[in-house]
$ cat model_17.csv   # CSV, C-alpha atoms
chain,number,residue,atom,x,y,z
O,1,MET,CA,104.6,85.4,77.8
O,2,TRP,CA,108.0,87.1,77.8
O,3,ILE,CA,109.7,84.3,79.7
O,4,ILE,CA,112.3,83.0,77.3
O,5,CYS,CA,113.0,79.3,77.0
O,6,PRO,CA,115.8,77.1,75.4
O,7,THR,CA,115.7,76.8,71.6
O,8,ARG,CA,114.3,73.3,71.6
O,9,TRP,CA,111.2,74.7,73.2
O,10,TRP,CA,110.5,77.4,70.7
O,11,PRO,CA,108.1,75.5,68.4
O,12,ALA,CA,106.2,74.3,71.5
O,13,MET,CA,106.0,77.9,72.8
O,14,VAL,CA,104.5,79.0,69.5
O,15,GLN,CA,101.7,76.4,70.0
O,16,VAL,CA,101.2,77.4,73.7
O,17,CYS,CA,100.8,81.1,72.7
O,18,ALA,CA,98.3,80.1,70.1
O,19,GLU,CA,96.3,77.9,72.5
O,20,PHE,CA,96.1,80.8,75.0
O,21,GLY,CA,94.8,83.1,72.3
O,22,TYR,CA,97.9,85.2,71.6
O,23,GLU,CA,97.5,85.0,67.8
O,24,LEU,CA,98.4,88.7,67.3
O,25,SER,CA,100.8,89.0,70.2
O,26,ALA,CA,104.4,90.1,70.0
O,27,ALA,CA,105.4,87.0,72.0
O,28,ARG,CA,103.9,84.4,69.6
O,29,GLN,CA,105.5,86.1,66.5
O,30,PHE,CA,108.8,86.4,68.4
O,31,TYR,CA,108.9,82.7,69.1
O,32,ALA,CA,107.8,81.7,65.6
O,33,ASP,CA,110.6,83.7,64.1
O,34,CYS,CA,113.2,82.4,66.6
O,35,ALA,CA,112.2,78.8,65.6
O,36,SER,CA,113.1,79.5,62.0
O,37,ARG,CA,116.6,81.0,62.5
O,38,THR,CA,119.5,78.6,63.1
O,39,GLY,CA,122.9,77.8,61.6
O,40,THR,CA,124.3,81.3,61.0
O,41,ASP,CA,126.5,83.4,63.3
O,42,ALA,CA,123.5,85.7,63.8
O,43,GLY,CA,121.5,82.6,64.7
O,44,HIS,CA,124.1,81.4,67.2
O,45,ALA,CA,124.2,84.9,68.8
O,46,LEU,CA,120.4,84.8,69.1
O,47,LYS,CA,120.5,81.3,70.6
O,48,HIS,CA,122.9,82.3,73.3
O,49,ALA,CA,121.1,85.5,74.0
O,50,VAL,CA,117.9,83.5,74.6
O,51,LEU,CA,119.8,81.1,76.9
O,52,CYS,CA,121.3,84.0,78.7
O,53,LEU,CA,117.9,85.5,79.4
O,54,SER,CA,116.4,82.0,80.3
O,55,ALA,CA,119.2,81.3,82.8
O,56,GLN,CA,118.9,84.7,84.4
O,57,HIS,CA,115.2,84.2,84.8
O,58,ARG,CA,115.8,80.9,86.5
O,59,ALA,CA,118.4,82.5,88.7
O,60,ASN,CA,115.9,85.1,89.8
O,61,LYS,CA,113.2,82.5,90.3
O,62,SER,CA,115.5,80.4,92.5
O,63,ARG,CA,116.4,83.4,94.5
O,64,ILE,CA,112.7,83.9,95.3
O,65,GLY,CA,112.5,80.3,96.4
O,66,GLY,CA,115.6,80.7,98.7
O,67,ASP,CA,117.8,78.3,96.7
O,68,THR,CA,120.9,80.5,96.6
O,69,ALA,CA,123.1,77.7,95.1
O,70,ILE,CA,121.0,77.3,92.0
O,71,SER,CA,120.5,81.1,91.8
O,72,ALA,CA,124.3,81.6,91.8
O,73,ASP,CA,124.9,78.8,89.3
O,74,GLN,CA,122.3,80.1,86.9
O,75,ALA,CA,123.6,83.6,87.1
O,76,SER,CA,127.0,82.4,86.2
O,77,THR,CA,125.5,80.4,83.3
O,78,SER,CA,123.7,83.5,82.1
O,79,THR,CA,127.0,85.5,82.1
O,80,LYS,CA,128.7,82.7,80.0
O,81,HIS,CA,125.9,82.8,77.5
O,82,ARG,CA,126.0,86.5,77.3
O,83,SER,CA,129.8,86.3,76.5
O,84,LYS,CA,129.1,83.8,73.8
O,85,ALA,CA,126.3,85.9,72.3
O,86,LEU,CA,128.5,88.9,72.1
O,87,HIS,CA,131.3,86.7,70.6
O,88,PHE,CA,129.0,85.6,67.7
O,89,LEU,CA,127.7,89.2,67.3
O,90,ARG,CA,131.2,90.3,66.8
O,91,ILE,CA,131.9,87.6,64.3
O,92,ALA,CA,128.8,88.4,62.4
O,93,ALA,CA,129.8,92.1,62.3
O,94,ALA,CA,133.3,91.2,61.1
O,95,LYS,CA,131.8,89.1,58.3
O,96,ASP,CA,129.5,92.0,57.3
O,97,ALA,CA,126.5,89.8,57.7
O,98,PRO,CA,123.9,90.3,54.9
O,99,ALA,CA,120.9,92.5,55.6
O,100,THR,CA,118.7,89.5,56.0
O,101,HIS,CA,120.5,88.7,59.3
O,102,THR,CA,120.2,92.2,60.7
O,103,ASP,CA,116.9,91.5,62.4
O,104,SER,CA,118.4,88.4,64.1
O,105,LEU,CA,121.4,90.5,65.4
O,106,ALA,CA,119.0,93.1,66.7
O,107,ALA,CA,116.8,90.4,68.3
O,108,ALA,CA,119.9,89.1,70.1
O,109,MET,CA,120.8,92.6,71.4
O,110,VAL,CA,117.3,93.2,72.7
O,111,LEU,CA,117.4,89.9,74.6
O,112,LEU,CA,120.7,90.9,76.1
O,113,ILE,CA,119.1,94.1,77.2
O,114,LEU,CA,116.2,92.2,78.8
O,115,SER,CA,118.7,90.0,80.6
O,116,THR,CA,120.6,93.0,82.0
O,117,ALA,CA,117.3,94.4,83.2
O,118,LEU,CA,116.6,91.2,85.1
O,119,ARG,CA,120.1,91.4,86.6
O,120,GLY,CA,119.8,95.1,87.4
O,121,GLU,CA,122.9,96.0,85.4
O,122,THR,CA,122.0,99.6,84.7
O,123,ALA,CA,125.5,100.7,83.7
O,124,ILE,CA,125.8,98.5,80.5
O,125,MET,CA,122.2,99.0,79.3
O,126,PRO,CA,122.8,102.4,77.5
O,127,THR,CA,125.7,100.8,75.6
O,128,PHE,CA,123.5,97.9,74.5
O,129,LEU,CA,120.7,100.3,73.6
O,130,SER,CA,123.1,102.4,71.4
O,131,ARG,CA,124.2,99.3,69.5
O,132,LEU,CA,120.6,98.1,69.1
O,133,GLY,CA,119.7,101.5,67.7
O,134,SER,CA,122.4,101.2,65.1
O,135,LEU,CA,121.2,97.8,64.0
O,136,LEU,CA,117.6,98.9,63.9
O,137,ARG,CA,118.5,101.7,61.5
O,138,ARG,CA,119.7,99.1,59.1
O,139,CYS,CA,116.5,97.0,59.3
O,140,ASP,CA,113.8,97.1,56.7
O,141,PRO,CA,110.8,98.8,58.2
O,142,ASP,CA,108.6,96.6,56.0
O,143,ASP,CA,110.0,93.5,57.8
O,144,LEU,CA,107.3,92.3,60.0
O,145,SER,CA,109.2,89.5,61.8
O,146,PHE,CA,111.3,90.6,64.8
O,147,VAL,CA,111.6,94.3,63.8
O,148,PRO,CA,108.3,95.8,65.1
O,149,THR,CA,108.7,94.2,68.6
O,150,ILE,CA,112.4,95.0,68.8
O,151,ALA,CA,111.8,98.6,67.8
O,152,ALA,CA,109.0,98.9,70.4
O,153,LEU,CA,111.3,97.6,73.1
O,154,HIS,CA,114.2,99.8,72.1
O,155,THR,CA,112.2,103.0,72.0
O,156,MET,CA,110.6,102.2,75.4
O,157,TYR,CA,113.9,101.6,77.1
O,158,ALA,CA,115.6,104.5,75.3
O,159,ASN,CA,112.8,106.9,76.4
O,160,CYS,CA,113.0,105.7,80.0
O,161,HIS,CA,116.8,106.3,79.8
O,162,MET,CA,116.2,109.8,78.5
O,163,LEU,CA,114.0,110.4,81.5
O,164,SER,CA,117.0,109.6,83.7
O,165,GLN,CA,119.2,111.8,81.5
O,166,GLN,CA,116.7,114.6,82.1
O,167,VAL,CA,116.3,115.6,78.5
O,168,GLN,CA,113.1,116.5,76.8
O,169,VAL,CA,111.6,113.5,75.0
O,170,ASN,CA,109.5,113.5,71.9
O,171,PRO,CA,106.6,111.1,72.5
O,172,GLU,CA,106.5,110.3,68.8
O,173,HIS,CA,109.7,108.4,69.3
O,174,LEU,CA,107.5,105.7,70.8
O,175,ALA,CA,106.6,105.0,67.2
O,176,PRO,CA,110.0,104.9,65.5
O,177,TYR,CA,108.8,104.1,62.0
O,178,LYS,CA,106.0,105.7,60.0
O,179,THR,CA,104.4,102.9,58.2
O,180,SER,CA,100.9,101.9,57.0
O,181,GLN,CA,101.3,98.5,58.7
O,182,PRO,CA,99.0,98.5,61.8
O,183,VAL,CA,101.2,95.8,63.5
O,184,TRP,CA,103.7,98.5,64.5
O,185,ASP,CA,101.2,100.4,66.7
O,186,ARG,CA,99.9,97.1,68.1
O,187,ARG,CA,103.4,95.9,69.0
O,188,THR,CA,104.2,99.2,70.7
O,189,GLU,CA,101.0,99.1,72.7
O,190,ASP,CA,101.6,95.4,73.6
O,191,VAL,CA,105.2,95.9,74.7
O,192,ILE,CA,104.6,99.0,76.9
O,193,GLU,CA,101.7,97.4,78.6
O,194,THR,CA,103.5,94.1,79.1
O,195,VAL,CA,106.8,95.5,80.4
O,196,LEU,CA,105.7,98.7,82.2
O,197,GLY,CA,102.1,97.7,83.2
O,198,MET,CA,100.6,100.9,81.8
O,199,LYS,CA,98.9,102.1,78.6
O,200,ARG,CA,101.1,103.8,76.0
O,201,ALA,CA,98.9,107.0,76.3
O,202,VAL,CA,99.7,107.1,80.0
O,203,LEU,CA,103.4,106.8,79.4
O,204,GLU,CA,103.1,109.6,77.0
O,205,LEU,CA,101.5,111.7,79.7
O,206,LEU,CA,104.5,111.1,82.0
O,207,ILE,CA,106.8,112.1,79.1
O,208,GLN,CA,104.8,115.2,78.5
O,209,ALA,CA,104.8,116.2,82.1
O,210,ASN,CA,108.6,115.6,82.3
O,211,ASN,CA,109.1,117.9,79.3
O,212,LEU,CA,106.9,120.6,80.8
O,213,SER,CA,108.7,120.4,84.1
O,214,LEU,CA,112.2,120.6,82.5
O,215,GLU,CA,111.0,123.5,80.4
O,216,TYR,CA,109.7,125.4,83.4
O,217,ARG,CA,112.9,124.7,85.4
O,218,THR,CA,115.1,126.0,82.5
O,219,ILE,CA,113.0,129.2,82.0
O,220,SER,CA,112.7,129.8,85.8
O,221,GLU,CA,116.5,129.6,86.2
O,222,ALA,CA,117.0,132.0,83.2
O,223,SER,CA,114.4,134.4,84.7
O,224,ARG,CA,116.1,134.4,88.1
O,225,ARG,CA,119.3,135.5,86.3
O,226,ASN,CA,117.4,138.2,84.3
O,227,PRO,CA,114.5,139.3,86.6
O,228,THR,CA,113.7,142.3,84.4
O,229,ASP,CA,113.3,140.4,81.1
O,230,ASP,CA,109.6,140.6,80.2
O,231,GLU,CA,109.9,138.0,77.5
O,232,LEU,CA,111.2,135.4,80.0
O,233,ALA,CA,108.5,136.4,82.4
O,234,MET,CA,105.8,135.7,79.8
O,235,MET,CA,107.5,132.4,78.8
O,236,LEU,CA,107.2,131.5,82.5
O,237,VAL,CA,103.5,132.3,82.5
O,238,ASP,CA,103.0,130.3,79.3
O,239,SER,CA,104.8,127.3,80.7
O,240,GLN,CA,102.8,127.4,84.0
O,241,SER,CA,99.6,127.7,82.0
O,242,ALA,CA,100.4,124.5,80.0
O,243,CYS,CA,101.2,122.7,83.3
O,244,SER,CA,98.0,123.9,84.8
O,245,SER,CA,95.9,122.7,81.9
O,246,LEU,CA,97.4,119.2,82.1
O,247,GLU,CA,97.0,119.0,85.9
O,248,ASN,CA,93.4,120.1,85.6
O,249,GLU,CA,92.7,117.5,83.0
O,250,LEU,CA,94.3,114.8,85.1
O,251,SER,CA,92.3,115.8,88.2
O,252,ASP,CA,89.0,115.2,86.5
O,253,ASP,CA,88.0,111.6,87.4
O,254,THR,CA,85.3,111.4,84.8
O,255,GLN,CA,87.6,112.4,82.0
O,256,TRP,CA,90.3,110.1,83.2
O,257,ALA,CA,87.9,107.1,83.3
O,258,MET,CA,86.7,107.8,79.8
O,259,LYS,CA,90.2,108.1,78.3
O,260,HIS,CA,92.3,105.7,80.3
O,261,SER,CA,90.3,103.2,82.4
O,262,ARG,CA,88.6,101.2,79.7
O,263,ASP,CA,89.7,97.7,78.6
O,264,CYS,CA,92.4,97.5,81.2
O,265,SER,CA,93.7,94.5,83.1
O,266,ALA,CA,93.9,94.8,86.9
O,267,ARG,CA,97.7,95.3,86.7
O,268,THR,CA,97.5,98.0,84.0
O,269,ALA,CA,94.7,99.8,85.8
O,270,LEU,CA,97.0,100.1,88.9
O,271,GLY,CA,100.0,101.2,86.7
O,272,ASN,CA,97.8,103.9,85.0
O,273,LYS,CA,96.6,105.2,88.4
O,274,ALA,CA,100.1,105.3,89.9
O,275,THR,CA,101.5,107.2,86.9
O,276,ARG,CA,98.6,109.6,86.9
O,277,ILE,CA,99.4,110.5,90.5
O,278,ALA,CA,103.1,110.8,89.7
O,279,VAL,CA,102.4,113.2,86.9
O,280,ARG,CA,100.2,115.4,89.1
O,281,VAL,CA,102.8,115.4,91.9
O,282,MET,CA,105.5,116.4,89.4
O,283,LEU,CA,103.5,119.3,88.0
O,284,LEU,CA,102.3,120.6,91.4
O,285,THR,CA,105.7,120.4,93.1
O,286,ASP,CA,108.0,121.3,90.2
O,287,THR,CA,105.9,124.0,88.6
O,288,PHE,CA,103.7,125.4,91.4
O,289,GLY,CA,106.0,124.9,94.3
O,290,LEU,CA,103.7,122.9,96.5
O,291,ARG,CA,105.5,121.5,99.6
O,292,PRO,CA,105.1,117.9,100.9
O,293,GLU,CA,103.1,119.3,103.8
O,294,HIS,CA,100.4,120.7,101.4
O,295,PRO,CA,97.1,118.9,101.9
O,296,LYS,CA,96.8,118.2,98.2
O,297,ILE,CA,100.3,116.5,98.1
O,298,ILE,CA,99.5,114.5,101.2
O,299,LYS,CA,96.3,113.2,99.7
O,300,LEU,CA,98.0,112.3,96.4
O,301,VAL,CA,100.8,110.4,98.3
O,302,ARG,CA,98.3,108.6,100.5
O,303,ASP,CA,96.3,107.6,97.3
O,304,PHE,CA,99.6,106.4,95.8
O,305,VAL,CA,100.4,104.3,98.9
O,306,GLU,CA,97.0,102.6,98.6
O,307,ILE,CA,98.0,101.6,95.0
O,308,LEU,CA,101.3,100.2,96.2
O,309,THR,CA,99.5,98.2,98.8
O,310,ALA,CA,97.1,96.8,96.2
O,311,CYS,CA,99.9,95.9,93.8
O,312,PRO,CA,100.5,92.1,93.6
O,313,SER,CA,104.0,90.9,94.5
O,314,ARG,CA,106.3,90.6,91.5
O,315,LEU,CA,104.1,92.8,89.3
O,316,GLU,CA,105.6,96.1,90.4
O,317,VAL,CA,107.8,96.5,87.3
O,318,GLY,CA,107.0,99.8,85.8
O,319,LEU,CA,106.3,101.6,89.1
O,320,THR,CA,109.9,102.6,89.7
O,321,TRP,CA,109.5,106.1,88.1
O,322,PRO,CA,106.2,106.8,89.8
O,323,TYR,CA,107.7,105.7,93.1
O,324,ILE,CA,110.7,108.0,92.9
O,325,ILE,CA,108.5,111.0,91.9
O,326,VAL,CA,105.8,110.5,94.5
O,327,ALA,CA,107.6,108.9,97.5
O,328,SER,CA,110.1,111.7,97.5
O,329,HIS,CA,107.3,113.9,98.8
O,330,ALA,CA,106.1,111.5,101.5
O,331,ILE,CA,106.1,112.6,105.1
O,332,ASP,CA,105.4,111.0,108.5
O,333,GLU,CA,104.0,107.5,108.5
O,334,LEU,CA,103.6,107.5,104.7
O,335,ARG,CA,107.4,107.2,104.4
O,336,SER,CA,107.5,103.8,106.1
O,337,GLN,CA,104.7,102.5,103.9
O,338,CYS,CA,106.5,103.6,100.8
O,339,ALA,CA,109.8,102.0,102.1
O,340,GLU,CA,108.0,98.7,102.8
O,341,PHE,CA,106.8,98.6,99.2
O,342,ILE,CA,110.2,99.3,97.6
O,343,SER,CA,111.8,96.7,99.9
O,344,ARG,CA,109.3,94.1,98.6
O,345,ALA,CA,110.0,95.2,95.1
O,346,GLN,CA,113.6,94.0,95.3
O,347,TRP,CA,112.7,90.3,95.3
O,348,LYS,CA,114.8,89.6,92.2
O,349,GLY,CA,117.8,91.5,93.3
O,350,SER,CA,117.3,94.2,90.7
O,351,ALA,CA,119.4,97.4,91.1
O,352,MET,CA,116.6,99.6,89.9
O,353,PRO,CA,114.2,99.3,92.9
O,354,ALA,CA,117.3,99.4,95.1
O,355,LEU,CA,118.4,102.6,93.4
O,356,ALA,CA,114.9,104.1,93.8
O,357,ALA,CA,115.0,103.2,97.5
O,358,GLU,CA,118.4,104.9,97.9
O,359,LEU,CA,117.3,108.0,96.0
O,360,VAL,CA,114.1,108.5,97.9
O,361,GLU,CA,115.8,107.9,101.3
O,362,GLU,CA,118.4,110.5,100.4
O,363,VAL,CA,115.7,113.0,99.5
O,364,TRP,CA,114.0,112.3,102.9
O,365,GLN,CA,117.3,112.9,104.8
O,366,SER,CA,117.9,116.1,103.0
O,367,VAL,CA,114.4,117.4,103.8
O,368,ASP,CA,114.8,116.4,107.5
O,369,SER,CA,118.2,118.2,107.6
O,370,GLY,CA,116.6,121.4,106.3
O,371,ARG,CA,118.5,121.3,103.1
O,372,PRO,CA,116.0,119.7,100.7
O,373,ARG,CA,117.3,118.2,97.5
O,374,HIS,CA,115.4,117.3,94.3
O,375,TRP,CA,115.4,113.7,93.1
O,376,ARG,CA,116.5,115.0,89.6
O,377,ASP,CA,119.7,116.4,91.1
O,378,LEU,CA,120.5,113.1,92.8
O,379,ILE,CA,119.9,111.1,89.6
O,380,ARG,CA,122.2,113.4,87.8
O,381,GLU,CA,124.9,113.0,90.4
O,382,ARG,CA,124.8,109.3,89.9
O,383,GLY,CA,125.5,109.6,86.2
O,384,CYS,CA,121.9,109.4,85.0
O,385,PRO,CA,121.6,105.5,85.3
O,386,MET,CA,119.0,103.6,83.4
O,387,ILE,CA,115.8,103.4,85.5
O,388,LEU,CA,112.8,101.3,84.5
$ encode --input "model_17.csv" --output "structure tokens"
Amino acid sequence: MWIICPTRWWPAMVQVCAEFGYELSAARQFYADCASRTGTDAGHALKHAVLCLSAQHRANKSRIGGDTAISADQASTSTKHRSKALHFLRIAAAKDAPATHTDSLAAAMVLLILSTALRGETAIMPTFLSRLGSLLRRCDPDDLSFVPTIAALHTMYANCHMLSQQVQVNPEHLAPYKTSQPVWDRRTEDVIETVLGMKRAVLELLIQANNLSLEYRTISEASRRNPTDDELAMMLVDSQSACSSLENELSDDTQWAMKHSRDCSARTALGNKATRIAVRVMLLTDTFGLRPEHPKIIKLVRDFVEILTACPSRLEVGLTWPYIIVASHAIDELRSQCAEFISRAQWKGSAMPALAAELVEEVWQSVDSGRPRHWRDLIRERGCPMIL
């Protein structure tokens, strides 16, 4: 329900959402609020942001159908509407728009972020995210219109970007406001599952594993510089112990099924499984030094390839991070199977799957040359681009 339509369709989309049973969904509330905001600079910015995303969606859809002329025309239209949206955002800022319009300005920014994601413009997304964060800090946390959905989208994108920046992430940032209103948690769950195709708890596992891996890497480097430092040695043991506990928990199929396999759609179940494998591979390789030739890593990569094969076309959004983490350790025939999936994932011309393919291919080349490089180092060399 995240396909955005021209403004004249908003009331109809509200009704469609209701008919399909999305009474509590972020999409229905989003369209209902869109339909009520016109006439102001903030409203004009929101309108053009919606049209920008709508045109980009049509451009991608036309590309799938092989109609390159319409695809190019709609991509150009999307760019024009983005310029107009930014123009009205600037006017609204110059006029010091009242606080009642802040949520509309934030909604316009999040739509521009979604459109850049569709286009694969990873370079501008951090700038848009920064501006959106500034607007959100001015919003009233008791405002239950756009704000909960916008905040959920912002924190999801921001946390994914921090994964690229290779900084430790606080999972609590997935819930940006502490409020008694249950809608905030529901919107966060809805947005993460809709956009990334995984449960919020599984995304938090990926963040936790990334934190542990970065912590171990930092302590390990310090310990190599100071090999006689007993405190660093014990910190290293403590870090490995935490990683071992998490990996052991994730290896338990019964425990996993009880915690993460209930009430899942087919797409979410695949996303959860893929991320579970990625977390285990990250822990086993980064912390315990298992090589791609290790039987446990080979089995995990093979299980991951089975998930990729089962993933329906055009529903692979959210698998980019698991792909980079797991496919980097593929060997022999598993490499070609991974490469086939990521090639299929570039159906909309997105730079993110293309970047993932490039990163993993470079890792493979470095391994084959006898000078293996880590995917983290390659991401850092590229300026820590936004990856989703």
$ closest_residue --input "model_17.csv" --among "O:Cys139, O:Leu283, O:Leu359, O:Leu163" --to "Tyr216 (chain O)" --atoms "only C-alpha atoms"
O:Leu283
$ residues_around --input "model_17.csv" --residues "Arg382 (chain O)" --least-positions-apart "4" --cutoff "10 Å" --atoms "only C-alpha atoms" --output "list in words"
Ser164, Leu355, Leu359, Asp377 and Leu378 of chain O
$ atom_distance --input "model_17.csv" --atom1 "CA of Ile150 (chain O)" --atom2 "CA of Lys47 (chain O)"
16.0 Å
$ residues_around --input "model_17.csv" --residues "region 81-85 of chain O" --least-positions-apart "4" --cutoff "9 Å" --atoms "all atoms listed in the file" --output "ChimeraX atom specification"
/O:42,44-53,55,76-77,89-90,108-109,112,115
$ closest_residue --input "model_17.csv" --among "O:Ala93, O:Val326, O:Ile387, O:Ile379" --to "Met156 (chain O)" --atoms "all atoms listed in the file"
O:Ile387
$ atom_distance --input "model_17.csv" --atom1 "CA of Val360 (chain O)" --atom2 "CA of Ser343 (chain O)"
12.2 Å
$ atom_distance --input "model_17.csv" --atom1 "CA of Arg376 (chain O)" --atom2 "CA of Asp253 (chain O)"
28.8 Å
$ closest_residue --input "model_17.csv" --among "O:Gln337, O:Ser220, O:Gly370, O:Thr309" --to "Met234 (chain O)" --atoms "all atoms listed in the file"
O:Ser220
$ residues_around --input "model_17.csv" --residues "region 120-128 of chain O" --least-positions-apart "5" --cutoff "10 Å" --atoms "all atoms listed in the file" --output "short mmCIF file (atom, residue, chain, number, x, y, z; two decimals) with C-alpha atoms, in the frame of the given file"
data_model
loop_
_atom_site.label_atom_id
_atom_site.label_comp_id
_atom_site.auth_asym_id
_atom_site.auth_seq_id
_atom_site.Cartn_x
_atom_site.Cartn_y
_atom_site.Cartn_z
CA MET O 109 120.80 92.60 71.40
CA VAL O 110 117.30 93.20 72.70
CA LEU O 112 120.70 90.90 76.10
CA ILE O 113 119.10 94.10 77.20
CA LEU O 114 116.20 92.20 78.80
CA SER O 115 118.70 90.00 80.60
CA GLY O 133 119.70 101.50 67.70
CA HIS O 154 114.20 99.80 72.10
CA TYR O 157 113.90 101.60 77.10
CA ALA O 158 115.60 104.50 75.30
CA HIS O 161 116.80 106.30 79.80
CA MET O 162 116.20 109.80 78.50
CA LYS O 348 114.80 89.60 92.20
CA GLY O 349 117.80 91.50 93.30
CA SER O 350 117.30 94.20 90.70
CA ALA O 351 119.40 97.40 91.10
CA MET O 352 116.60 99.60 89.90
CA PRO O 353 114.20 99.30 92.90
CA ALA O 354 117.30 99.40 95.10
CA LEU O 355 118.40 102.60 93.40
CA GLY O 383 125.50 109.60 86.20
CA CYS O 384 121.90 109.40 85.00
CA PRO O 385 121.60 105.50 85.30
CA MET O 386 119.00 103.60 83.40
CA ILE O 387 115.80 103.40 85.50
CA LEU O 388 112.80 101.30 84.50
#
$ residues_around --input "model_17.csv" --residues "Ala209 (chain O)" --least-positions-apart "4" --cutoff "7 Å" --atoms "all atoms listed in the file" --output "compact mmCIF listing (two decimals) with C-alpha atoms, in the frame of the given file"
# COMPACT_ATOMS: atom_id res chain seq x y z
CA LEU O 205 101.50 111.70 79.70
CA SER O 213 108.70 120.40 84.10
CA VAL O 279 102.40 113.20 86.90
CA LEU O 283 103.50 119.30 88.00
$ residues_around --input "model_17.csv" --residues "Ala330 (chain O)" --least-positions-apart "2" --cutoff "12 Å" --atoms "all atoms listed in the file" --output "number ranges by chain"
O: 281, 291-305, 323-328, 332-339, 360-361, 363-365, 367-368
$ closest_residue --input "model_17.csv" --among "O:Lys199, O:Arg371, O:Arg225, O:Lys95" --to "Lys273 (chain O)" --atoms "only C-alpha atoms"
O:Lys199
